[in-house]
Every structure is written in structure tokens, then in C-alpha cells.
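So this one's my_file_25.txt, compact mmCIF, N, CA and C atoms:
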# COMPACT_ATOMS: atom_id res chain seq x y z
N MET A 89 -10.26 22.63 6.67
CA MET A 89 -9.69 21.48 6.00
C MET A 89 -8.91 20.65 7.02
N SER A 90 -9.13 19.35 7.04
CA SER A 90 -8.46 18.48 8.01
C SER A 90 -6.98 18.33 7.67
N ASP A 91 -6.21 17.89 8.67
CA ASP A 91 -4.77 17.65 8.45
C ASP A 91 -4.56 16.60 7.36
N GLU A 92 -5.43 15.60 7.35
CA GLU A 92 -5.30 14.54 6.34
C GLU A 92 -5.52 15.11 4.94
N ASN A 93 -6.52 15.98 4.78
CA ASN A 93 -6.77 16.59 3.48
C ASN A 93 -5.62 17.49 3.06
N LYS A 94 -5.05 18.23 4.03
CA LYS A 94 -3.88 19.08 3.72
C LYS A 94 -2.72 18.21 3.24
N PHE A 95 -2.51 17.09 3.93
CA PHE A 95 -1.45 16.17 3.52
C PHE A 95 -1.69 15.66 2.11
N LEU A 96 -2.89 15.19 1.83
CA LEU A 96 -3.18 14.63 0.51
C LEU A 96 -3.08 15.69 -0.59
N ASP A 97 -3.50 16.93 -0.30
CA ASP A 97 -3.36 18.01 -1.27
C ASP A 97 -1.89 18.31 -1.56
N LYS A 98 -1.10 18.40 -0.51
CA LYS A 98 0.33 18.67 -0.67
C LYS A 98 0.99 17.52 -1.43
N PHE A 99 0.65 16.31 -1.05
CA PHE A 99 1.22 15.12 -1.66
C PHE A 99 0.88 15.07 -3.15
N SER A 100 -0.39 15.28 -3.47
CA SER A 100 -0.83 15.27 -4.87
C SER A 100 -0.17 16.39 -5.66
N GLY A 101 -0.06 17.56 -5.07
CA GLY A 101 0.56 18.68 -5.74
C GLY A 101 2.03 18.48 -6.00
N THR A 102 2.70 17.77 -5.10
CA THR A 102 4.13 17.55 -5.23
C THR A 102 4.44 16.46 -6.24
N PHE A 103 3.64 15.40 -6.27
CA PHE A 103 4.00 14.23 -7.08
C PHE A 103 3.11 13.98 -8.29
N GLY A 104 1.99 14.67 -8.40
CA GLY A 104 1.14 14.63 -9.59
C GLY A 104 0.98 13.27 -10.24
N ASP A 105 1.56 13.11 -11.43
CA ASP A 105 1.35 11.89 -12.22
C ASP A 105 2.11 10.68 -11.69
N LYS A 106 2.90 10.85 -10.65
CA LYS A 106 3.58 9.70 -10.02
C LYS A 106 2.62 8.95 -9.10
N ILE A 107 1.48 9.58 -8.81
CA ILE A 107 0.45 8.96 -7.98
C ILE A 107 -0.58 8.31 -8.90
N LEU A 108 -0.82 7.03 -8.70
CA LEU A 108 -1.78 6.31 -9.52
C LEU A 108 -3.19 6.40 -8.96
N LYS A 109 -3.33 6.33 -7.63
CA LYS A 109 -4.65 6.51 -7.01
C LYS A 109 -4.50 6.74 -5.52
N ILE A 110 -5.52 7.39 -4.97
CA ILE A 110 -5.62 7.62 -3.53
C ILE A 110 -7.02 7.20 -3.11
N VAL A 111 -7.12 6.31 -2.13
CA VAL A 111 -8.41 5.87 -1.61
C VAL A 111 -8.35 5.87 -0.08
N GLN A 112 -9.50 5.74 0.53
CA GLN A 112 -9.60 5.58 1.98
C GLN A 112 -9.85 4.11 2.29
N SER A 113 -9.16 3.58 3.26
CA SER A 113 -9.38 2.20 3.71
C SER A 113 -9.33 2.19 5.23
N PHE A 114 -10.43 1.82 5.84
CA PHE A 114 -10.54 1.80 7.31
C PHE A 114 -10.18 3.15 7.90
N GLY A 115 -10.58 4.24 7.22
CA GLY A 115 -10.34 5.58 7.72
C GLY A 115 -8.94 6.12 7.50
N GLU A 116 -8.11 5.41 6.78
CA GLU A 116 -6.73 5.85 6.53
C GLU A 116 -6.52 6.01 5.03
N PRO A 117 -5.68 6.99 4.65
CA PRO A 117 -5.39 7.13 3.22
C PRO A 117 -4.48 6.01 2.72
N VAL A 118 -4.78 5.50 1.55
CA VAL A 118 -3.96 4.49 0.89
C VAL A 118 -3.56 5.09 -0.45
N VAL A 119 -2.26 5.24 -0.66
CA VAL A 119 -1.76 5.89 -1.86
C VAL A 119 -1.00 4.86 -2.69
N THR A 120 -1.38 4.73 -3.95
CA THR A 120 -0.69 3.84 -4.88
C THR A 120 0.14 4.72 -5.81
N VAL A 121 1.45 4.41 -5.89
CA VAL A 121 2.37 5.23 -6.68
C VAL A 121 3.09 4.38 -7.71
N ARG A 122 3.66 5.05 -8.70
CA ARG A 122 4.46 4.36 -9.71
C ARG A 122 5.70 3.79 -9.03
N LYS A 123 6.07 2.57 -9.42
CA LYS A 123 7.22 1.92 -8.78
C LYS A 123 8.51 2.70 -8.98
N THR A 124 8.61 3.46 -10.06
CA THR A 124 9.82 4.24 -10.31
C THR A 124 9.95 5.44 -9.36
N ALA A 125 8.88 5.78 -8.64
CA ALA A 125 8.89 6.94 -7.75
C ALA A 125 8.94 6.57 -6.27
N VAL A 126 8.99 5.29 -5.95
CA VAL A 126 8.90 4.87 -4.54
C VAL A 126 10.01 5.50 -3.69
N LYS A 127 11.25 5.41 -4.12
CA LYS A 127 12.36 5.94 -3.32
C LYS A 127 12.20 7.45 -3.09
N GLU A 128 11.87 8.18 -4.14
CA GLU A 128 11.69 9.63 -4.04
C GLU A 128 10.55 9.97 -3.07
N ILE A 129 9.45 9.26 -3.18
CA ILE A 129 8.28 9.55 -2.34
C ILE A 129 8.54 9.17 -0.89
N LEU A 130 9.17 8.02 -0.65
CA LEU A 130 9.49 7.65 0.74
C LEU A 130 10.46 8.65 1.36
N SER A 131 11.43 9.13 0.61
CA SER A 131 12.37 10.14 1.12
C SER A 131 11.63 11.42 1.47
N PHE A 132 10.71 11.84 0.61
CA PHE A 132 9.91 13.03 0.87
C PHE A 132 9.10 12.87 2.16
N LEU A 133 8.43 11.73 2.31
CA LEU A 133 7.59 11.51 3.50
C LEU A 133 8.41 11.51 4.78
N LYS A 134 9.62 11.01 4.70
CA LYS A 134 10.49 10.99 5.88
C LYS A 134 11.08 12.36 6.18
N ASN A 135 11.51 13.07 5.17
CA ASN A 135 12.31 14.28 5.38
C ASN A 135 11.52 15.59 5.39
N ASP A 136 10.28 15.61 4.93
CA ASP A 136 9.50 16.84 4.96
C ASP A 136 9.25 17.23 6.41
N GLU A 137 9.58 18.47 6.76
CA GLU A 137 9.50 18.90 8.16
C GLU A 137 8.08 18.90 8.71
N ASN A 138 7.07 18.98 7.85
CA ASN A 138 5.69 18.97 8.32
C ASN A 138 5.08 17.58 8.38
N LEU A 139 5.74 16.60 7.80
CA LEU A 139 5.19 15.24 7.76
C LEU A 139 5.92 14.30 8.71
N SER A 140 7.22 14.15 8.53
CA SER A 140 8.07 13.33 9.41
C SER A 140 7.56 11.91 9.62
N PHE A 141 7.21 11.22 8.53
CA PHE A 141 6.92 9.79 8.64
C PHE A 141 8.25 9.10 8.90
N ASP A 142 8.56 8.82 10.16
CA ASP A 142 9.90 8.35 10.50
C ASP A 142 9.94 6.89 10.97
N MET A 143 8.86 6.17 10.77
CA MET A 143 8.85 4.77 11.18
C MET A 143 8.16 3.90 10.14
N LEU A 144 8.89 2.92 9.65
CA LEU A 144 8.32 1.90 8.77
C LEU A 144 7.76 0.81 9.67
N VAL A 145 6.45 0.73 9.75
CA VAL A 145 5.78 -0.20 10.65
C VAL A 145 5.77 -1.61 10.05
N GLU A 146 5.49 -1.67 8.75
CA GLU A 146 5.36 -2.97 8.11
C GLU A 146 5.70 -2.84 6.62
N LEU A 147 6.29 -3.89 6.08
CA LEU A 147 6.62 -3.96 4.66
C LEU A 147 6.32 -5.38 4.22
N PHE A 148 5.49 -5.52 3.18
CA PHE A 148 5.18 -6.87 2.70
C PHE A 148 4.81 -6.83 1.24
N GLY A 149 4.83 -7.99 0.62
CA GLY A 149 4.46 -8.12 -0.78
C GLY A 149 3.18 -8.93 -0.92
N ILE A 150 2.44 -8.64 -1.98
CA ILE A 150 1.21 -9.38 -2.28
C ILE A 150 1.32 -9.89 -3.71
N ASP A 151 0.93 -11.13 -3.91
CA ASP A 151 0.93 -11.75 -5.23
C ASP A 151 -0.51 -11.93 -5.69
N TYR A 152 -0.85 -11.27 -6.80
CA TYR A 152 -2.16 -11.42 -7.44
C TYR A 152 -1.93 -12.19 -8.74
N PRO A 153 -1.94 -13.54 -8.71
CA PRO A 153 -1.54 -14.32 -9.88
C PRO A 153 -2.33 -14.05 -11.15
N ASP A 154 -3.58 -13.63 -11.02
CA ASP A 154 -4.42 -13.43 -12.20
C ASP A 154 -4.52 -11.96 -12.64
N GLU A 155 -3.69 -11.09 -12.06
CA GLU A 155 -3.77 -9.66 -12.38
C GLU A 155 -2.47 -9.18 -13.01
N ASP A 156 -2.55 -8.03 -13.64
CA ASP A 156 -1.37 -7.39 -14.21
C ASP A 156 -1.41 -5.92 -13.82
N PRO A 157 -0.49 -5.43 -13.03
CA PRO A 157 0.70 -6.13 -12.56
C PRO A 157 0.36 -7.17 -11.48
N ARG A 158 1.17 -8.19 -11.44
CA ARG A 158 0.90 -9.32 -10.55
C ARG A 158 1.28 -9.03 -9.11
N PHE A 159 2.37 -8.31 -8.90
CA PHE A 159 2.90 -8.11 -7.56
C PHE A 159 2.68 -6.68 -7.06
N GLU A 160 2.51 -6.57 -5.75
CA GLU A 160 2.34 -5.28 -5.10
C GLU A 160 3.20 -5.27 -3.84
N ILE A 161 3.89 -4.17 -3.58
CA ILE A 161 4.64 -4.00 -2.35
C ILE A 161 3.90 -2.96 -1.52
N VAL A 162 3.70 -3.26 -0.23
CA VAL A 162 2.95 -2.38 0.66
C VAL A 162 3.88 -1.89 1.77
N TYR A 163 3.91 -0.56 1.94
CA TYR A 163 4.65 0.08 3.02
C TYR A 163 3.63 0.70 3.96
N ILE A 164 3.71 0.37 5.23
CA ILE A 164 2.86 1.00 6.23
C ILE A 164 3.75 1.89 7.08
N LEU A 165 3.45 3.20 7.06
CA LEU A 165 4.30 4.19 7.72
C LEU A 165 3.58 4.84 8.89
N LEU A 166 4.37 5.31 9.83
CA LEU A 166 3.84 6.04 10.99
C LEU A 166 4.56 7.38 11.08

C-alpha cells encoding of this file:
Amino acid sequence: MSDENKFLDKFSGTFGDKILKIVQSFGEPVVTVRKTAVKEILSFLKNDENLSFDMLVELFGIDYPDEDPRFEIVYILL
């Protein structure tokens, strides 16, 4: 099992229904989570001794005027 699969299994097992979807985009995992869980999940990603996502590379918002929900916040972590 690859490191990425181990991460996704651990992540899914830890947060379960707080995760809305997981997809691959350009070879990287993209995880969509409930907005009420963002702080908890970001803290986990930073503080877990096996993960140590310790750098926020980019943070931006997207407006989808014809969709519901309309807004999306994207965090790119390293």
C-alpha cells in the first residue's frame, strides 16, 4: 500500500462523515470536508506526528455563482 493510500485510509478512518469526497487531481489527493470540521482537520494534519503538514502553500476562495453552495475555500498544504 502506498504512503498516499495509508494517509487517505487514516484520514477517512479518523474523520468519517466529516469528509464529503476524496478525488485525485493531477496525481494529488483532493479532499472536500464539511466547513464545520476545517479547523479540527487542519490541526490534525499539522500536529499528527506521521503527517506533519506544516506549510500552508496557498489559500484562496472560489465563487460559483450558479451553484449551491456558491463559495469554496481551498487550502493547499505541504

Would you give me, as a tab-separated table (two decimals) with N, CA and C atoms, keeping the file's coordinate frame, the residues in chain A that DSSP reads as strand (DSSP E)?
chain	number	residue	atom	x	y	z
A	107	ILE	N	1.48	9.58	-8.81
A	107	ILE	CA	0.45	8.96	-7.98
A	107	ILE	C	-0.58	8.31	-8.90
A	108	LEU	N	-0.82	7.03	-8.70
A	108	LEU	CA	-1.78	6.31	-9.52
A	108	LEU	C	-3.19	6.40	-8.96
A	109	LYS	N	-3.33	6.33	-7.63
A	109	LYS	CA	-4.65	6.51	-7.01
A	109	LYS	C	-4.50	6.74	-5.52
A	110	ILE	N	-5.52	7.39	-4.97
A	110	ILE	CA	-5.62	7.62	-3.53
A	110	ILE	C	-7.02	7.20	-3.11
A	111	VAL	N	-7.12	6.31	-2.13
A	111	VAL	CA	-8.41	5.87	-1.61
A	111	VAL	C	-8.35	5.87	-0.08
A	112	GLN	N	-9.50	5.74	0.53
A	112	GLN	CA	-9.60	5.58	1.98
A	112	GLN	C	-9.85	4.11	2.29
A	113	SER	N	-9.16	3.58	3.26
A	113	SER	CA	-9.38	2.20	3.71
A	113	SER	C	-9.33	2.19	5.23
A	116	GLU	N	-8.11	5.41	6.78
A	116	GLU	CA	-6.73	5.85	6.53
A	116	GLU	C	-6.52	6.01	5.03
A	117	PRO	N	-5.68	6.99	4.65
A	117	PRO	CA	-5.39	7.13	3.22
A	117	PRO	C	-4.48	6.01	2.72
A	118	VAL	N	-4.78	5.50	1.55
A	118	VAL	CA	-3.96	4.49	0.89
A	118	VAL	C	-3.56	5.09	-0.45
A	119	VAL	N	-2.26	5.24	-0.66
A	119	VAL	CA	-1.76	5.89	-1.86
A	119	VAL	C	-1.00	4.86	-2.69
A	120	THR	N	-1.38	4.73	-3.95
A	120	THR	CA	-0.69	3.84	-4.88
A	120	THR	C	0.14	4.72	-5.81
A	121	VAL	N	1.45	4.41	-5.89
A	121	VAL	CA	2.37	5.23	-6.68
A	121	VAL	C	3.09	4.38	-7.71
A	144	LEU	N	8.89	2.92	9.65
A	144	LEU	CA	8.32	1.90	8.77
A	144	LEU	C	7.76	0.81	9.67
A	145	VAL	N	6.45	0.73	9.75
A	145	VAL	CA	5.78	-0.20	10.65
A	145	VAL	C	5.77	-1.61	10.05
A	146	GLU	N	5.49	-1.67	8.75
A	146	GLU	CA	5.36	-2.97	8.11
A	146	GLU	C	5.70	-2.84	6.62
A	147	LEU	N	6.29	-3.89	6.08
A	147	LEU	CA	6.62	-3.96	4.66
A	147	LEU	C	6.32	-5.38	4.22
A	148	PHE	N	5.49	-5.52	3.18
A	148	PHE	CA	5.18	-6.87	2.70
A	148	PHE	C	4.81	-6.83	1.24
A	149	GLY	N	4.83	-7.99	0.62
A	149	GLY	CA	4.46	-8.12	-0.78
A	149	GLY	C	3.18	-8.93	-0.92
A	150	ILE	N	2.44	-8.64	-1.98
A	150	ILE	CA	1.21	-9.38	-2.28
A	150	ILE	C	1.32	-9.89	-3.71
A	151	ASP	N	0.93	-11.13	-3.91
A	151	ASP	CA	0.93	-11.75	-5.23
A	151	ASP	C	-0.51	-11.93	-5.69
A	159	PHE	N	2.37	-8.31	-8.90
A	159	PHE	CA	2.90	-8.11	-7.56
A	159	PHE	C	2.68	-6.68	-7.06
A	160	GLU	N	2.51	-6.57	-5.75
A	160	GLU	CA	2.34	-5.28	-5.10
A	160	GLU	C	3.20	-5.27	-3.84
A	161	ILE	N	3.89	-4.17	-3.58
A	161	ILE	CA	4.64	-4.00	-2.35
A	161	ILE	C	3.90	-2.96	-1.52
A	162	VAL	N	3.70	-3.26	-0.23
A	162	VAL	CA	2.95	-2.38	0.66
A	162	VAL	C	3.88	-1.89	1.77
A	163	TYR	N	3.91	-0.56	1.94
A	163	TYR	CA	4.65	0.08	3.02
A	163	TYR	C	3.63	0.70	3.96
A	164	ILE	N	3.71	0.37	5.23
A	164	ILE	CA	2.86	1.00	6.23
A	164	ILE	C	3.75	1.89	7.08
A	165	LEU	N	3.45	3.20	7.06
A	165	LEU	CA	4.30	4.19	7.72
A	165	LEU	C	3.58	4.84	8.89

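For the set A:Phe132, A:Phe95, A:Phe148, A:Phe141, the residue with the smallest atom-to-atom gap to Leu165 (chain A) is A:Phe141, counting all atoms listed in the file.
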
Mind checking which residues fall within 12 Å of Leu144 (chain A), counting only C-alpha atoms, ignoring those fewer than 6 positions away in the same chain, and posting them as a list in words?
Leu130, Ser131, Leu133, Lys134, Val162, Tyr163, Ile164, Leu165 and Leu166 of chain A

Two-atom distance - CA of Gly101 (chain A), CA of Met143 (chain A) (Å)
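Those two atoms sit 23.4 Å apart.
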
Edge lengths and centre in Å to one decimal, as AutoDock Vina command-line options, is what I'm after for the box along x, y and z that holds all listed atoms of region 144-157 of chain A once 6 Å is added on each side.
--center_x 2.2 --center_y -5.7 --center_z -1.8 --size_x 25.4 --size_y 29.2 --size_z 36.9

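Inside chain A, the residues DSSP reads as helix (DSSP H, G or I) when given the backbone are A:Asp91, A:Glu92, A:Asn93, A:Lys94, A:Phe95, A:Leu96, A:Asp97, A:Lys98, A:Phe99, A:Ser100, A:Gly101, A:Thr102, A:Phe103, A:Gly104, A:Asp105, A:Lys106, A:Lys123, A:Thr124, A:Ala125, A:Val126, A:Lys127, A:Glu128, A:Ile129, A:Leu130, A:Ser131, A:Phe132, A:Leu133, A:Lys134, A:Asn135.
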
Go ahead and save the residues from that selection, with N, CA and C atoms, as a short mmCIF file (atom, residue, chain, number, x, y, z; two decimals), in the coordinates of the input.
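Below is the file that was written, again.cif:
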data_model
loop_
_atom_site.label_atom_id
_atom_site.label_comp_id
_atom_site.auth_asym_id
_atom_site.auth_seq_id
_atom_site.Cartn_x
_atom_site.Cartn_y
_atom_site.Cartn_z
N ASP A 91 -6.21 17.89 8.67
CA ASP A 91 -4.77 17.65 8.45
C ASP A 91 -4.56 16.60 7.36
N GLU A 92 -5.43 15.60 7.35
CA GLU A 92 -5.30 14.54 6.34
C GLU A 92 -5.52 15.11 4.94
N ASN A 93 -6.52 15.98 4.78
CA ASN A 93 -6.77 16.59 3.48
C ASN A 93 -5.62 17.49 3.06
N LYS A 94 -5.05 18.23 4.03
CA LYS A 94 -3.88 19.08 3.72
C LYS A 94 -2.72 18.21 3.24
N PHE A 95 -2.51 17.09 3.93
CA PHE A 95 -1.45 16.17 3.52
C PHE A 95 -1.69 15.66 2.11
N LEU A 96 -2.89 15.19 1.83
CA LEU A 96 -3.18 14.63 0.51
C LEU A 96 -3.08 15.69 -0.59
N ASP A 97 -3.50 16.93 -0.30
CA ASP A 97 -3.36 18.01 -1.27
C ASP A 97 -1.89 18.31 -1.56
N LYS A 98 -1.10 18.40 -0.51
CA LYS A 98 0.33 18.67 -0.67
C LYS A 98 0.99 17.52 -1.43
N PHE A 99 0.65 16.31 -1.05
CA PHE A 99 1.22 15.12 -1.66
C PHE A 99 0.88 15.07 -3.15
N SER A 100 -0.39 15.28 -3.47
CA SER A 100 -0.83 15.27 -4.87
C SER A 100 -0.17 16.39 -5.66
N GLY A 101 -0.06 17.56 -5.07
CA GLY A 101 0.56 18.68 -5.74
C GLY A 101 2.03 18.48 -6.00
N THR A 102 2.70 17.77 -5.10
CA THR A 102 4.13 17.55 -5.23
C THR A 102 4.44 16.46 -6.24
N PHE A 103 3.64 15.40 -6.27
CA PHE A 103 4.00 14.23 -7.08
C PHE A 103 3.11 13.98 -8.29
N GLY A 104 1.99 14.67 -8.40
CA GLY A 104 1.14 14.63 -9.59
C GLY A 104 0.98 13.27 -10.24
N ASP A 105 1.56 13.11 -11.43
CA ASP A 105 1.35 11.89 -12.22
C ASP A 105 2.11 10.68 -11.69
N LYS A 106 2.90 10.85 -10.65
CA LYS A 106 3.58 9.70 -10.02
C LYS A 106 2.62 8.95 -9.10
N LYS A 123 6.07 2.57 -9.42
CA LYS A 123 7.22 1.92 -8.78
C LYS A 123 8.51 2.70 -8.98
N THR A 124 8.61 3.46 -10.06
CA THR A 124 9.82 4.24 -10.31
C THR A 124 9.95 5.44 -9.36
N ALA A 125 8.88 5.78 -8.64
CA ALA A 125 8.89 6.94 -7.75
C ALA A 125 8.94 6.57 -6.27
N VAL A 126 8.99 5.29 -5.95
CA VAL A 126 8.90 4.87 -4.54
C VAL A 126 10.01 5.50 -3.69
N LYS A 127 11.25 5.41 -4.12
CA LYS A 127 12.36 5.94 -3.32
C LYS A 127 12.20 7.45 -3.09
N GLU A 128 11.87 8.18 -4.14
CA GLU A 128 11.69 9.63 -4.04
C GLU A 128 10.55 9.97 -3.07
N ILE A 129 9.45 9.26 -3.18
CA ILE A 129 8.28 9.55 -2.34
C ILE A 129 8.54 9.17 -0.89
N LEU A 130 9.17 8.02 -0.65
CA LEU A 130 9.49 7.65 0.74
C LEU A 130 10.46 8.65 1.36
N SER A 131 11.43 9.13 0.61
CA SER A 131 12.37 10.14 1.12
C SER A 131 11.63 11.42 1.47
N PHE A 132 10.71 11.84 0.61
CA PHE A 132 9.91 13.03 0.87
C PHE A 132 9.10 12.87 2.16
N LEU A 133 8.43 11.73 2.31
CA LEU A 133 7.59 11.51 3.50
C LEU A 133 8.41 11.51 4.78
N LYS A 134 9.62 11.01 4.70
CA LYS A 134 10.49 10.99 5.88
C LYS A 134 11.08 12.36 6.18
N ASN A 135 11.51 13.07 5.17
CA ASN A 135 12.31 14.28 5.38
C ASN A 135 11.52 15.59 5.39
#

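Across the structure, atom N of Phe99 (chain A) and atom C of Leu147 (chain A) are spaced 23.0 Å apart.
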
Atomic separation - CA of Glu128 (chain A) relative to CA of Asn93 (chain A), Å:
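Taking CA of Asn93 (chain A) and CA of Glu128 (chain A), their separation equals 21.1 Å.
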
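For Val119 (chain A), the non-local neighbours within 8 Å, defined as residues at least 6 positions apart in the same chain or in other chains and counting only N, CA and C atoms, are A:Ile107, A:Leu108, A:Lys109, A:Ile110, A:Val111, A:Gln112.
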